[in-house]
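Engineer: Just input18.txt, nothing more (compact mmCIF, C-alpha atoms and all ligand atoms):
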# COMPACT_ATOMS: atom_id res chain seq x y z
CA MET A 198 -23.91 -0.82 -0.10
CA PHE A 199 -20.94 -3.09 0.59
CA LYS A 200 -21.05 -5.35 3.65
CA ILE A 201 -18.15 -6.02 6.05
CA VAL A 202 -18.27 -9.81 6.25
CA ALA A 203 -15.32 -10.16 8.64
CA LYS A 204 -13.25 -7.78 10.74
CA LYS A 205 -9.84 -8.45 12.30
CA VAL A 206 -7.97 -6.09 14.60
CA LEU A 207 -4.29 -6.59 13.71
CA SER A 208 -2.93 -3.94 16.08
CA PRO A 209 -4.54 -1.03 17.96
CA THR A 210 -4.46 1.10 14.79
CA VAL A 211 -4.49 -1.49 11.97
CA LYS A 212 -7.75 -3.20 10.98
CA GLN A 213 -8.53 -5.76 8.29
CA PHE A 214 -11.93 -5.96 6.61
CA ALA A 215 -13.20 -8.70 4.31
CA MET A 216 -15.76 -6.92 2.12
CA ALA A 217 -18.46 -8.45 -0.04
CA ALA A 218 -17.67 -6.95 -3.45
CA PRO A 219 -18.18 -9.74 -6.05
CA GLN A 220 -17.78 -7.58 -9.17
CA ILE A 221 -14.44 -6.19 -7.96
CA ALA A 222 -13.23 -9.60 -6.69
CA LYS A 223 -13.95 -11.06 -10.13
CA LYS A 224 -11.71 -8.57 -11.96
CA CYS A 225 -9.01 -7.26 -9.61
CA GLN A 226 -5.30 -8.04 -9.98
CA PRO A 227 -2.32 -7.64 -7.61
CA GLY A 228 -1.22 -4.00 -7.40
CA GLN A 229 -4.67 -2.47 -7.87
CA PHE A 230 -6.64 -0.37 -5.39
CA VAL A 231 -10.17 0.82 -4.63
CA ILE A 232 -11.59 4.13 -3.42
CA ILE A 233 -14.15 3.82 -0.65
CA ARG A 234 -16.69 6.18 0.90
CA ILE A 235 -18.24 5.29 4.24
CA ASP A 236 -21.44 7.30 3.66
CA ASP A 237 -22.69 10.15 1.50
CA GLU A 238 -20.75 12.75 3.51
CA GLY A 239 -17.61 10.61 3.49
CA GLU A 240 -14.17 11.48 2.14
CA ARG A 241 -12.88 9.34 -0.70
CA VAL A 242 -10.23 7.02 0.79
CA PRO A 243 -7.93 5.00 -1.51
CA LEU A 244 -7.01 1.55 -0.17
CA THR A 245 -5.00 -1.20 -1.86
CA ILE A 246 -6.64 -4.58 -2.40
CA ALA A 247 -4.61 -6.75 0.01
CA ASP A 248 -6.24 -10.02 -1.05
CA PHE A 249 -9.22 -11.34 -2.98
CA ASP A 250 -11.31 -14.50 -3.23
CA ARG A 251 -13.03 -14.69 -6.60
CA ASP A 252 -15.23 -17.66 -5.62
CA LYS A 253 -16.55 -16.06 -2.44
CA GLY A 254 -16.77 -12.58 -4.03
CA ILE A 255 -14.66 -11.04 -1.28
CA ILE A 256 -11.88 -8.45 -1.27
CA THR A 257 -9.63 -7.81 1.72
CA LEU A 258 -8.75 -4.27 2.74
CA LEU A 259 -6.26 -3.42 5.44
CA PHE A 260 -5.93 0.07 6.78
CA GLN A 261 -4.06 2.11 9.31
CA GLU A 262 -6.07 4.64 11.29
CA VAL A 263 -4.24 7.88 10.58
CA GLY A 264 -6.98 10.51 10.40
CA ALA A 265 -10.70 11.18 10.72
CA SER A 266 -11.97 8.91 7.91
CA THR A 267 -9.84 5.86 8.67
CA GLN A 268 -10.66 6.22 12.39
CA GLN A 269 -14.38 6.28 11.54
CA LEU A 270 -13.90 3.23 9.29
CA GLY A 271 -12.15 1.36 12.09
CA GLN A 272 -15.18 1.77 14.34
CA LEU A 273 -17.43 -0.17 11.96
CA GLU A 274 -18.14 -3.77 12.88
CA GLU A 275 -18.77 -7.05 11.08
CA GLY A 276 -22.25 -7.01 9.49
CA GLU A 277 -22.26 -3.23 8.94
CA SER A 278 -21.92 -1.73 5.46
CA ILE A 279 -20.22 1.18 3.71
CA LEU A 280 -21.76 3.20 0.90
CA ASP A 281 -19.26 2.89 -2.00
CA ILE A 282 -16.32 0.89 -3.22
CA ALA A 283 -15.07 2.06 -6.63
CA GLY A 284 -12.61 -0.16 -8.42
CA PRO A 285 -10.49 -1.96 -9.26
CA LEU A 286 -8.40 1.15 -10.04
CA GLY A 287 -4.82 1.58 -11.22
CA ASN A 288 -2.65 -0.73 -13.28
CA PRO A 289 -1.94 -4.29 -12.15
CA THR A 290 1.63 -5.23 -11.23
CA ARG A 291 3.71 -6.54 -14.14
CA ILE A 292 4.04 -10.22 -13.21
CA LYS A 293 6.30 -12.49 -15.25
CA LYS A 294 9.05 -15.03 -14.80
CA MET A 295 12.27 -13.10 -14.22
CA GLY A 296 14.43 -15.10 -11.81
CA THR A 297 14.99 -13.97 -8.24
CA VAL A 298 12.59 -11.24 -7.16
CA VAL A 299 12.81 -9.40 -3.84
CA CYS A 300 9.47 -8.21 -2.42
CA ILE A 301 9.78 -5.62 0.34
CA GLY A 302 6.94 -4.46 2.60
CA GLY A 303 7.32 -1.69 5.15
CA GLY A 304 4.64 -1.36 7.86
CA ILE A 305 1.15 -1.38 6.35
CA GLY A 306 2.83 -1.67 2.90
CA THR A 307 3.29 -5.38 3.62
CA ALA A 308 -0.42 -5.93 2.88
CA PRO A 309 -0.29 -4.83 -0.78
CA VAL A 310 3.04 -6.62 -1.28
CA TYR A 311 1.49 -9.95 -0.29
CA PRO A 312 -0.66 -10.61 -3.41
CA ILE A 313 2.29 -9.47 -5.54
CA ALA A 314 4.72 -11.90 -3.84
CA ARG A 315 2.17 -14.70 -4.24
CA ALA A 316 1.69 -13.95 -7.95
CA MET A 317 5.46 -13.63 -8.54
CA LYS A 318 5.97 -17.09 -7.01
CA ALA A 319 3.08 -18.55 -9.03
CA ALA A 320 4.77 -17.17 -12.17
CA GLY A 321 7.85 -19.28 -11.39
CA ASN A 322 10.13 -16.72 -9.73
CA ARG A 323 12.25 -17.34 -6.65
CA VAL A 324 10.73 -14.89 -4.20
CA ILE A 325 12.76 -13.46 -1.33
CA SER A 326 10.68 -11.20 0.89
CA ILE A 327 11.73 -8.67 3.50
CA ILE A 328 9.12 -7.22 5.82
CA GLY A 329 9.93 -4.48 8.28
CA ALA A 330 8.29 -2.41 10.97
CA ARG A 331 9.31 -0.04 13.73
CA THR A 332 8.58 -2.65 16.39
CA ALA A 333 7.35 -6.29 16.57
CA GLU A 334 3.71 -5.47 17.34
CA LEU A 335 3.43 -3.44 14.13
CA LEU A 336 4.46 -6.36 11.89
CA ILE A 337 1.59 -7.67 9.77
CA PHE A 338 1.00 -10.58 7.35
CA GLU A 339 3.99 -12.56 8.60
CA ASP A 340 2.40 -15.99 7.96
CA GLU A 341 0.97 -14.92 4.60
CA MET A 342 4.37 -13.62 3.46
CA LYS A 343 6.10 -16.79 4.68
CA ASN A 344 3.72 -18.89 2.56
CA ALA A 345 4.15 -16.66 -0.49
CA SER A 346 7.97 -16.60 -0.37
CA ASP A 347 10.93 -18.95 -0.75
CA GLU A 348 12.76 -16.98 1.93
CA LEU A 349 11.45 -14.40 4.40
CA TYR A 350 13.49 -11.88 6.40
CA ILE A 351 11.98 -9.79 9.17
CA THR A 352 13.48 -6.53 10.38
CA THR A 353 12.47 -4.21 13.20
CA ASP A 354 13.99 -0.80 13.91
CA ASP A 355 14.25 -1.63 17.64
CA GLY A 356 15.31 -5.29 17.26
CA SER A 357 12.18 -6.59 19.05
CA LYS A 358 11.78 -9.25 16.33
CA GLY A 359 13.99 -10.53 13.52
CA ILE A 360 17.03 -8.55 12.46
CA LYS A 361 17.59 -5.18 14.17
CA GLY A 362 17.72 -2.53 11.47
CA PHE A 363 16.03 -1.53 8.24
CA VAL A 364 14.77 -3.55 5.27
CA THR A 365 17.53 -1.88 3.24
CA ASP A 366 20.22 -3.52 5.43
CA VAL A 367 18.99 -6.98 4.37
CA LEU A 368 18.63 -5.84 0.76
CA LYS A 369 22.29 -4.72 0.67
CA ARG A 370 23.35 -8.17 1.92
CA LEU A 371 21.23 -9.95 -0.72
CA ILE A 372 22.73 -7.81 -3.48
CA ASP A 373 26.20 -8.91 -2.35
CA GLU A 374 25.16 -12.56 -2.31
CA GLU A 375 23.16 -13.10 -5.49
CA LYS A 376 21.86 -11.79 -8.81
CA LEU A 377 18.49 -10.10 -8.39
CA ALA A 378 16.14 -9.72 -11.36
CA GLU A 379 13.80 -7.16 -9.76
CA VAL A 380 13.03 -5.47 -6.46
CA MET A 381 9.46 -4.48 -5.56
CA ALA A 382 8.98 -2.19 -2.56
CA ILE A 383 5.85 -0.80 -0.92
CA GLY A 384 5.86 1.18 2.30
CA PRO A 385 6.54 4.64 3.68
CA VAL A 386 7.93 7.02 1.05
CA VAL A 387 11.25 7.35 2.91
CA MET A 388 11.63 3.56 2.85
CA MET A 389 10.88 3.37 -0.88
CA ARG A 390 13.40 6.16 -1.50
CA GLY A 391 15.96 4.22 0.59
CA VAL A 392 15.37 1.06 -1.47
CA ALA A 393 15.75 3.03 -4.72
CA GLU A 394 19.11 4.44 -3.56
CA VAL A 395 20.41 0.96 -2.60
CA THR A 396 19.57 -0.64 -5.98
CA ARG A 397 20.42 2.38 -8.21
CA PRO A 398 24.22 1.84 -8.39
CA TYR A 399 23.65 -1.81 -9.39
CA LYS A 400 20.98 -0.92 -11.97
CA ILE A 401 18.61 -3.54 -10.48
CA PRO A 402 15.11 -2.87 -11.88
CA THR A 403 13.12 -1.52 -8.91
CA VAL A 404 9.39 -0.85 -8.70
CA VAL A 405 7.59 1.18 -6.03
CA SER A 406 3.87 1.79 -5.44
CA LEU A 407 3.19 5.47 -4.75
CA ASN A 408 0.46 6.82 -2.49
CA PRO A 409 0.06 10.53 -3.18
CA ILE A 410 -3.17 12.31 -2.24
CA MET A 411 -5.93 10.99 -4.50
CA VAL A 412 -9.39 12.37 -5.05
CA ASP A 413 -11.27 10.96 -8.06
CA GLY A 414 -8.93 8.09 -8.94
CA THR A 415 -9.74 8.48 -12.63
CA GLY A 416 -7.12 10.93 -13.93
CA MET A 417 -9.49 13.93 -13.93
CA CYS A 418 -8.60 15.97 -10.83
CA GLY A 419 -4.79 16.05 -10.99
CA GLY A 420 -4.54 15.52 -7.22
CA CYS A 421 -2.21 12.54 -7.49
CA ARG A 422 0.37 14.21 -9.77
CA VAL A 423 3.89 12.82 -9.30
CA ALA A 424 7.13 13.64 -11.11
CA VAL A 425 8.62 10.55 -12.75
CA GLY A 426 11.58 10.82 -15.14
CA ASN A 427 11.03 14.60 -15.51
CA GLU A 428 7.45 14.03 -16.63
CA SER A 429 4.22 14.61 -14.71
CA LYS A 430 2.30 11.40 -14.16
CA PHE A 431 -0.98 10.71 -12.42
CA ALA A 432 -0.50 7.89 -9.93
CA CYS A 433 -4.13 6.74 -10.21
CA VAL A 434 -4.10 6.02 -13.95
CA ASP A 435 -0.40 5.87 -14.89
CA GLY A 436 0.50 3.98 -11.67
CA PRO A 437 0.35 3.43 -8.78
CA GLU A 438 3.57 1.51 -9.60
CA PHE A 439 6.56 3.28 -11.13
CA ASP A 440 10.25 2.77 -11.84
CA ALA A 441 11.78 3.74 -8.48
CA HIS A 442 14.93 5.14 -10.11
CA GLN A 443 12.84 7.68 -12.04
CA VAL A 444 10.63 8.93 -9.18
CA ASP A 445 11.21 12.40 -7.72
CA PHE A 446 10.71 11.40 -4.07
CA ASP A 447 11.52 14.86 -2.64
CA THR A 448 8.59 16.47 -4.50
CA LEU A 449 6.30 13.61 -3.48
CA ILE A 450 7.21 14.07 0.20
CA ALA A 451 6.71 17.85 -0.05
CA ARG A 452 3.27 17.47 -1.70
CA GLN A 453 2.15 14.95 0.96
CA LYS A 454 3.02 17.47 3.70
CA MET A 455 0.92 20.23 2.08
CA TYR A 456 -2.35 19.09 3.66
CA ILE A 457 -1.11 18.27 7.17
CA PRO A 458 -2.69 21.40 8.81
CA LEU A 459 -6.06 20.65 7.14
CA GLU A 460 -5.86 16.99 8.14
CA LYS A 461 -5.20 18.02 11.79
CA LYS A 462 -8.28 20.25 11.65
CA SER A 463 -10.29 17.37 10.20
CA CYS A 464 -9.35 15.20 13.21
CA GLU A 465 -10.20 17.99 15.66
CA ASN A 466 -13.61 18.51 14.03
CA GLY A 467 -14.39 14.80 14.08
CA ARG A 468 -14.88 14.55 10.33
CA GLY A 469 -15.57 16.60 7.26
CA GLY A 470 -12.65 18.99 7.89
CA CYS A 471 -13.61 22.66 7.95
CA LYS A 472 -17.27 21.82 7.25
CA CYS A 473 -17.36 24.89 4.95
CA HIS A 474 -19.42 22.88 2.45
CA GLN A 475 -22.21 22.64 4.99
CA SER A 476 -22.47 26.38 5.77
C1 LIG A 501 -3.20 4.06 -4.15
C2 LIG A 501 -3.25 4.17 -2.64
C3 LIG A 501 -3.39 3.03 -1.90
C4 LIG A 501 -3.44 3.11 -0.51
N1 LIG A 501 -3.57 1.95 0.19
C5 LIG A 501 -3.64 1.99 1.53
C6 LIG A 501 -3.85 0.79 2.28
O1 LIG A 501 -3.98 -0.31 1.71
N2 LIG A 501 -3.91 0.89 3.62
C7 LIG A 501 -3.78 2.10 4.26
O2 LIG A 501 -3.84 2.12 5.49
N3 LIG A 501 -3.59 3.24 3.59
C8 LIG A 501 -3.54 3.22 2.23
N4 LIG A 501 -3.39 4.39 1.55
C9 LIG A 501 -3.35 5.66 2.31
C10 LIG A 501 -4.78 6.03 2.74
O3 LIG A 501 -5.56 6.34 1.60
C11 LIG A 501 -4.77 7.25 3.69
O4 LIG A 501 -4.13 6.85 4.87
C12 LIG A 501 -6.18 7.71 4.03
O5 LIG A 501 -6.75 8.33 2.91
C13 LIG A 501 -6.14 8.67 5.20
O6 LIG A 501 -7.41 9.26 5.37
P1 LIG A 501 -7.84 9.90 6.76
O7 LIG A 501 -9.01 10.79 6.52
O8 LIG A 501 -8.02 8.87 7.81
O9 LIG A 501 -6.59 10.73 7.21
P2 LIG A 501 -6.22 12.23 6.90
O10 LIG A 501 -6.24 12.98 8.19
O11 LIG A 501 -7.02 12.78 5.77
O12 LIG A 501 -4.74 12.04 6.37
C14 LIG A 501 -3.68 11.40 7.06
C15 LIG A 501 -2.55 11.09 6.06
O13 LIG A 501 -3.03 10.17 5.06
C16 LIG A 501 -2.64 10.55 3.74
N5 LIG A 501 -3.86 10.79 2.92
C17 LIG A 501 -4.97 11.49 3.26
N6 LIG A 501 -5.89 11.48 2.30
C18 LIG A 501 -5.36 10.78 1.29
C19 LIG A 501 -5.84 10.44 0.00
N7 LIG A 501 -7.05 10.78 -0.43
N8 LIG A 501 -5.01 9.76 -0.77
C20 LIG A 501 -3.80 9.36 -0.32
N9 LIG A 501 -3.31 9.62 0.89
C21 LIG A 501 -4.07 10.34 1.68
C22 LIG A 501 -1.83 11.78 3.88
O14 LIG A 501 -0.48 11.46 3.70
C23 LIG A 501 -2.07 12.27 5.28
O15 LIG A 501 -0.91 12.81 5.87
C24 LIG A 501 -3.33 4.36 0.16
C25 LIG A 501 -3.20 5.53 -0.60
C26 LIG A 501 -3.16 5.43 -1.99
C27 LIG A 501 -3.04 6.67 -2.79
S1 LIG A 502 -6.72 11.04 -8.20
FE1 LIG A 502 -7.44 12.56 -9.51
S2 LIG A 502 -6.06 12.49 -11.17
FE2 LIG A 502 -5.44 10.86 -9.89
For this file, write the structure as structure tokens.
Ligand SMILES: Cc1cc2nc3c(=O)[nH]c(=O)nc-3n(C[C@H](O)[C@H](O)[C@H](O)COP(=O)(O)OP(=O)(O)OC[C@H]3O[C@@H](n4cnc5c(N)ncnc54)[C@H](O)[C@@H]3O)c2cc1C
Ligand code: FES
Structural biologist:
Amino acid sequence: MFKIVAKKVLSPTVKQFAMAAPQIAKKCQPGQFVIIRIDDEGERVPLTIADFDRDKGIITLLFQEVGASTQQLGQLEEGESILDIAGPLGNPTRIKKMGTVVCIGGGIGTAPVYPIARAMKAAGNRVISIIGARTAELLIFEDEMKNASDELYITTDDGSKGIKGFVTDVLKRLIDEEKLAEVMAIGPVVMMRGVAEVTRPYKIPTVVSLNPIMVDGTGMCGGCRVAVGNESKFACVDGPEFDAHQVDFDTLIARQKMYIPLEKKSCENGRGGCKCHQS
């Protein structure tokens, strides 16, 4: 069992848990994720490690309540426990001194970008971060990103905070102003595709972290298959980070939509989807 040692409500649908998981905290690196199960009937839910404290043996998970499992998770309180946390999974981010690195977080994607920005700065890079959300109340990790970056830009679609517009608008301006060594973007798939299209003509190395449907997280089930550079890759073991200019985003979006009717049913039934496994 893994105990929730602290819970923060960041917005009505975004919660942050500090979890006691000393073995994972000891080994994990920026860019990696875990797969959790609330109890023995629980779905396997992949969540990125948003922060870690090796001394205290704690990992931080941040999640948006989008369906039955994440809603159930959000109802748990400090002091309660969940059954499993498997990890760390996936490959760590490639961190090295490159020059000026732009770290972009969209919505909940800002959480996994944070440890990457911090590590990029610690490696001696100049870190410019851009965080964006639809509206001000959905912005997360603003202070953390400010501390991890040399410069921070905030964008909101409705202009309620920072610059009115998209993260890509700021990125275009930065490209005009200076030489960028790498762009790292994590957020909604449409945002990551937008970032890839902005940097492609300039051949700026661009990395995205993909979040296809995952089941086992070990490369066995094939659930997380993504097309990258005309090859099939498994995001859980080959990724989750890939060269954005090689990713087939259209196929990724289509595959993510495949399960929407089942996910709706899962919400209607409370949990466990069709419950056919119980009949
Ligand atoms: C490597 C990775 C890291 C992730 N990190 C985070 C994170 O840090 N914070 C966060 O809020 N979300 C993260 N996600 C997405 C998160 O796993 C899903 O939101 C969650 O599984 C939804 O479960 P649900 O039962 O509540 O919703 P459902 O009703 O099952 O699904 C709602 C939506 O979530 C997505 N989803 C559902 N199941 C999965 C699955 N097994 N794998 C991937 N996506 C799924 C689908 O796009 C779906 O449309 C990550 C996904 C991956 C693959
Ligand atoms: S989640 Fe099963 S192969 Fe990646």
Engineer: List as a list in words the protein and nucleic acid residues near A:Ala217, meaning an atom at most 10 Å away when all atoms listed in the file are counted, but skip any in the same chain fewer than 3 places from it.
Structural biologist: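 Selected residues are Met198, Phe199, Lys200, Ile201, Val202, Ala203, Phe214, Gln220, Ile221, Ala222, Asp250, Lys253, Gly254, Ile255, Ile256, Thr257 and Ser278 of chain A.
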Engineer: Just the selected residues (C-alpha atoms), exported as a PDB file, in the coordinates of the input, please.
Structural biologist:
ATOM      1  CA  MET A 198     -23.910  -0.820  -0.100  1.00  0.00           C
ATOM      2  CA  PHE A 199     -20.940  -3.090   0.590  1.00  0.00           C
ATOM      3  CA  LYS A 200     -21.050  -5.350   3.650  1.00  0.00           C
ATOM      4  CA  ILE A 201     -18.150  -6.020   6.050  1.00  0.00           C
ATOM      5  CA  VAL A 202     -18.270  -9.810   6.250  1.00  0.00           C
ATOM      6  CA  ALA A 203     -15.320 -10.160   8.640  1.00  0.00           C
ATOM      7  CA  PHE A 214     -11.930  -5.960   6.610  1.00  0.00           C
ATOM      8  CA  GLN A 220     -17.780  -7.580  -9.170  1.00  0.00           C
ATOM      9  CA  ILE A 221     -14.440  -6.190  -7.960  1.00  0.00           C
ATOM     10  CA  ALA A 222     -13.230  -9.600  -6.690  1.00  0.00           C
ATOM     11  CA  ASP A 250     -11.310 -14.500  -3.230  1.00  0.00           C
ATOM     12  CA  LYS A 253     -16.550 -16.060  -2.440  1.00  0.00           C
ATOM     13  CA  GLY A 254     -16.770 -12.580  -4.030  1.00  0.00           C
ATOM     14  CA  ILE A 255     -14.660 -11.040  -1.280  1.00  0.00           C
ATOM     15  CA  ILE A 256     -11.880  -8.450  -1.270  1.00  0.00           C
ATOM     16  CA  THR A 257      -9.630  -7.810   1.720  1.00  0.00           C
ATOM     17  CA  SER A 278     -21.920  -1.730   5.460  1.00  0.00           C
TER      18      SER A 278
END
Engineer: So what do you get for atom C5 of ligand LIG 501 (chain A) versus atom CA of A:Ala247, distance-wise?
Structural biologist: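 So the answer is 8.9 Å.
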Engineer: So that I can check the surroundings of A:Asp435, please list as a list in words every protein, DNA and RNA residue that reaches within 9 Å of it, counting all atoms listed in the file and ignoring chain neighbours fewer than 6 positions away.
Structural biologist: Gly287, Asn288 and Gly416 of chain A
Engineer: Calculated over only C-alpha atoms, which of the candidates A:Ile360, A:Ile282, A:Ala382, A:Ala441 has the smallest distance to A:Gly306?
Structural biologist: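 Residue with the minimum atom-to-atom distance to A:Gly306: A:Ala382.
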Engineer: Name the closest residue to ligand LIG 502 (chain A) among the candidates A:Glu348, A:Asp413, A:Asp440, A:Glu374; distances are taken between atoms, counting only C-alpha atoms and all ligand atoms.
Structural biologist: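 Nearest to ligand LIG 502 (chain A): A:Asp413.
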Engineer: So for ligand LIG 501 (chain A), what box centre and size do we get, axis-aligned, 5 Å extra on each of the six sides, every listed atom, Å to one decimal, as AutoDock Vina command-line options?
Structural biologist:
--center_x -4.7 --center_y 6.3 --center_z 2.0 --size_x 18.5 --size_y 23.3 --size_z 22.3
Engineer: Residues within 8 Å of (1.6, 4.8, -8.6), file coordinates, counting only C-alpha atoms: what are they? Give the list as a PyMOL selection string.
Structural biologist: chain A and resi 287+405-408+431-439
Engineer: Compute the set of protein, DNA and RNA residues whose minimum atom distance to ligand LIG 501 (chain A) is at most 7 Å, using all atoms listed in the file, and state it as number ranges by chain.
Structural biologist: A: 230, 240-247, 258-268, 305, 308-309, 407-412, 433, 437, 453-454, 456-457, 460-461, 463-464
Engineer: Which one of A:Ile235, A:Ile301, A:Met388, A:Val211 sits closest to A:Leu368 if you count all atoms listed in the file?
Structural biologist: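 Under the stated criterion, the closest residue is A:Ile301.
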Engineer: Atom CA of A:Ile313 to atom CA of A:Ile325: how many Å, to one decimal?
Structural biologist: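 Distance between the two atoms: 12.0 Å.
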Engineer: Work out how far atom CA of A:Gly420 is from atom S1 of ligand LIG 502 (chain A), in Å to one decimal.
Structural biologist: 5.1 Å
Engineer: Compile the contact shell of A:Asp340 as a ChimeraX atom specification: residues with an atom at most 12 Å away, counting all atoms listed in the file, same-chain residues fewer than 6 positions apart removed.
Structural biologist: /A:307-308,311,326,328,346,349-351
Engineer: Could you dump the residues just selected with C-alpha atoms as a compact mmCIF listing (two decimals), keeping the file's coordinate frame?
Structural biologist:
# COMPACT_ATOMS: atom_id res chain seq x y z
CA THR A 307 3.29 -5.38 3.62
CA ALA A 308 -0.42 -5.93 2.88
CA TYR A 311 1.49 -9.95 -0.29
CA SER A 326 10.68 -11.20 0.89
CA ILE A 328 9.12 -7.22 5.82
CA SER A 346 7.97 -16.60 -0.37
CA LEU A 349 11.45 -14.40 4.40
CA TYR A 350 13.49 -11.88 6.40
CA ILE A 351 11.98 -9.79 9.17
Engineer: Please output stretch 354-361 of chain A, rebuilt to include all heavy atoms, as a PDB file, in the coordinates of the input.
Structural biologist:
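Heads up, here's the output in part_12.pdb:
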ATOM      1  N   ASP A 354      13.054  -1.906  13.605  1.00  0.00           N
ATOM      2  CA  ASP A 354      13.990  -0.800  13.910  1.00  0.00           C
ATOM      3  C   ASP A 354      14.605  -0.990  15.302  1.00  0.00           C
ATOM      4  O   ASP A 354      15.772  -0.696  15.515  1.00  0.00           O
ATOM      5  CB  ASP A 354      13.276   0.555  13.890  1.00  0.00           C
ATOM      6  CG  ASP A 354      12.674   0.887  12.521  1.00  0.00           C
ATOM      7  OD1 ASP A 354      12.732   0.023  11.626  1.00  0.00           O
ATOM      8  OD2 ASP A 354      12.147   2.005  12.362  1.00  0.00           O
ATOM      9  N   ASP A 355      13.762  -1.514  16.252  1.00  0.00           N
ATOM     10  CA  ASP A 355      14.250  -1.630  17.640  1.00  0.00           C
ATOM     11  C   ASP A 355      14.773  -3.030  17.979  1.00  0.00           C
ATOM     12  O   ASP A 355      15.137  -3.292  19.120  1.00  0.00           O
ATOM     13  CB  ASP A 355      13.122  -1.233  18.616  1.00  0.00           C
ATOM     14  CG  ASP A 355      11.916  -2.181  18.533  1.00  0.00           C
ATOM     15  OD1 ASP A 355      11.949  -3.142  17.730  1.00  0.00           O
ATOM     16  OD2 ASP A 355      10.944  -1.957  19.264  1.00  0.00           O
ATOM     17  N   GLY A 356      14.775  -3.945  17.019  1.00  0.00           N
ATOM     18  CA  GLY A 356      15.310  -5.290  17.260  1.00  0.00           C
ATOM     19  C   GLY A 356      14.372  -6.188  18.067  1.00  0.00           C
ATOM     20  O   GLY A 356      14.761  -7.265  18.506  1.00  0.00           O
ATOM     21  N   SER A 357      13.097  -5.779  18.236  1.00  0.00           N
ATOM     22  CA  SER A 357      12.180  -6.590  19.050  1.00  0.00           C
ATOM     23  C   SER A 357      11.776  -7.888  18.350  1.00  0.00           C
ATOM     24  O   SER A 357      11.272  -8.813  18.984  1.00  0.00           O
ATOM     25  CB  SER A 357      10.942  -5.778  19.456  1.00  0.00           C
ATOM     26  OG  SER A 357      10.381  -5.162  18.321  1.00  0.00           O
ATOM     27  N   LYS A 358      11.980  -7.986  17.047  1.00  0.00           N
ATOM     28  CA  LYS A 358      11.780  -9.250  16.330  1.00  0.00           C
ATOM     29  C   LYS A 358      12.683  -9.248  15.090  1.00  0.00           C
ATOM     30  O   LYS A 358      12.884  -8.197  14.462  1.00  0.00           O
ATOM     31  CB  LYS A 358      10.310  -9.382  15.906  1.00  0.00           C
ATOM     32  CG  LYS A 358      10.012 -10.717  15.259  1.00  0.00           C
ATOM     33  CD  LYS A 358       8.612 -11.171  15.489  1.00  0.00           C
ATOM     34  CE  LYS A 358       8.460 -12.615  15.069  1.00  0.00           C
ATOM     35  NZ  LYS A 358       7.097 -13.079  15.104  1.00  0.00           N
ATOM     36  N   GLY A 359      13.171 -10.411  14.731  1.00  0.00           N
ATOM     37  CA  GLY A 359      13.990 -10.530  13.520  1.00  0.00           C
ATOM     38  C   GLY A 359      15.301  -9.765  13.639  1.00  0.00           C
ATOM     39  O   GLY A 359      15.868  -9.628  14.720  1.00  0.00           O
ATOM     40  N   ILE A 360      15.736  -9.250  12.505  1.00  0.00           N
ATOM     41  CA  ILE A 360      17.030  -8.550  12.460  1.00  0.00           C
ATOM     42  C   ILE A 360      16.819  -7.100  12.893  1.00  0.00           C
ATOM     43  O   ILE A 360      15.878  -6.441  12.446  1.00  0.00           O
ATOM     44  CB  ILE A 360      17.575  -8.598  11.011  1.00  0.00           C
ATOM     45  CG1 ILE A 360      17.785 -10.068  10.597  1.00  0.00           C
ATOM     46  CG2 ILE A 360      18.852  -7.782  10.853  1.00  0.00           C
ATOM     47  CD1 ILE A 360      17.831 -10.290   9.094  1.00  0.00           C
ATOM     48  N   LYS A 361      17.704  -6.587  13.758  1.00  0.00           N
ATOM     49  CA  LYS A 361      17.590  -5.180  14.170  1.00  0.00           C
ATOM     50  C   LYS A 361      18.118  -4.302  13.035  1.00  0.00           C
ATOM     51  O   LYS A 361      19.259  -4.470  12.600  1.00  0.00           O
ATOM     52  CB  LYS A 361      18.412  -4.950  15.443  1.00  0.00           C
ATOM     53  CG  LYS A 361      18.270  -3.554  16.024  1.00  0.00           C
ATOM     54  CD  LYS A 361      19.038  -3.465  17.343  1.00  0.00           C
ATOM     55  CE  LYS A 361      18.794  -2.220  18.136  1.00  0.00           C
ATOM     56  NZ  LYS A 361      18.940  -0.968  17.498  1.00  0.00           N
TER      57      LYS A 361
END
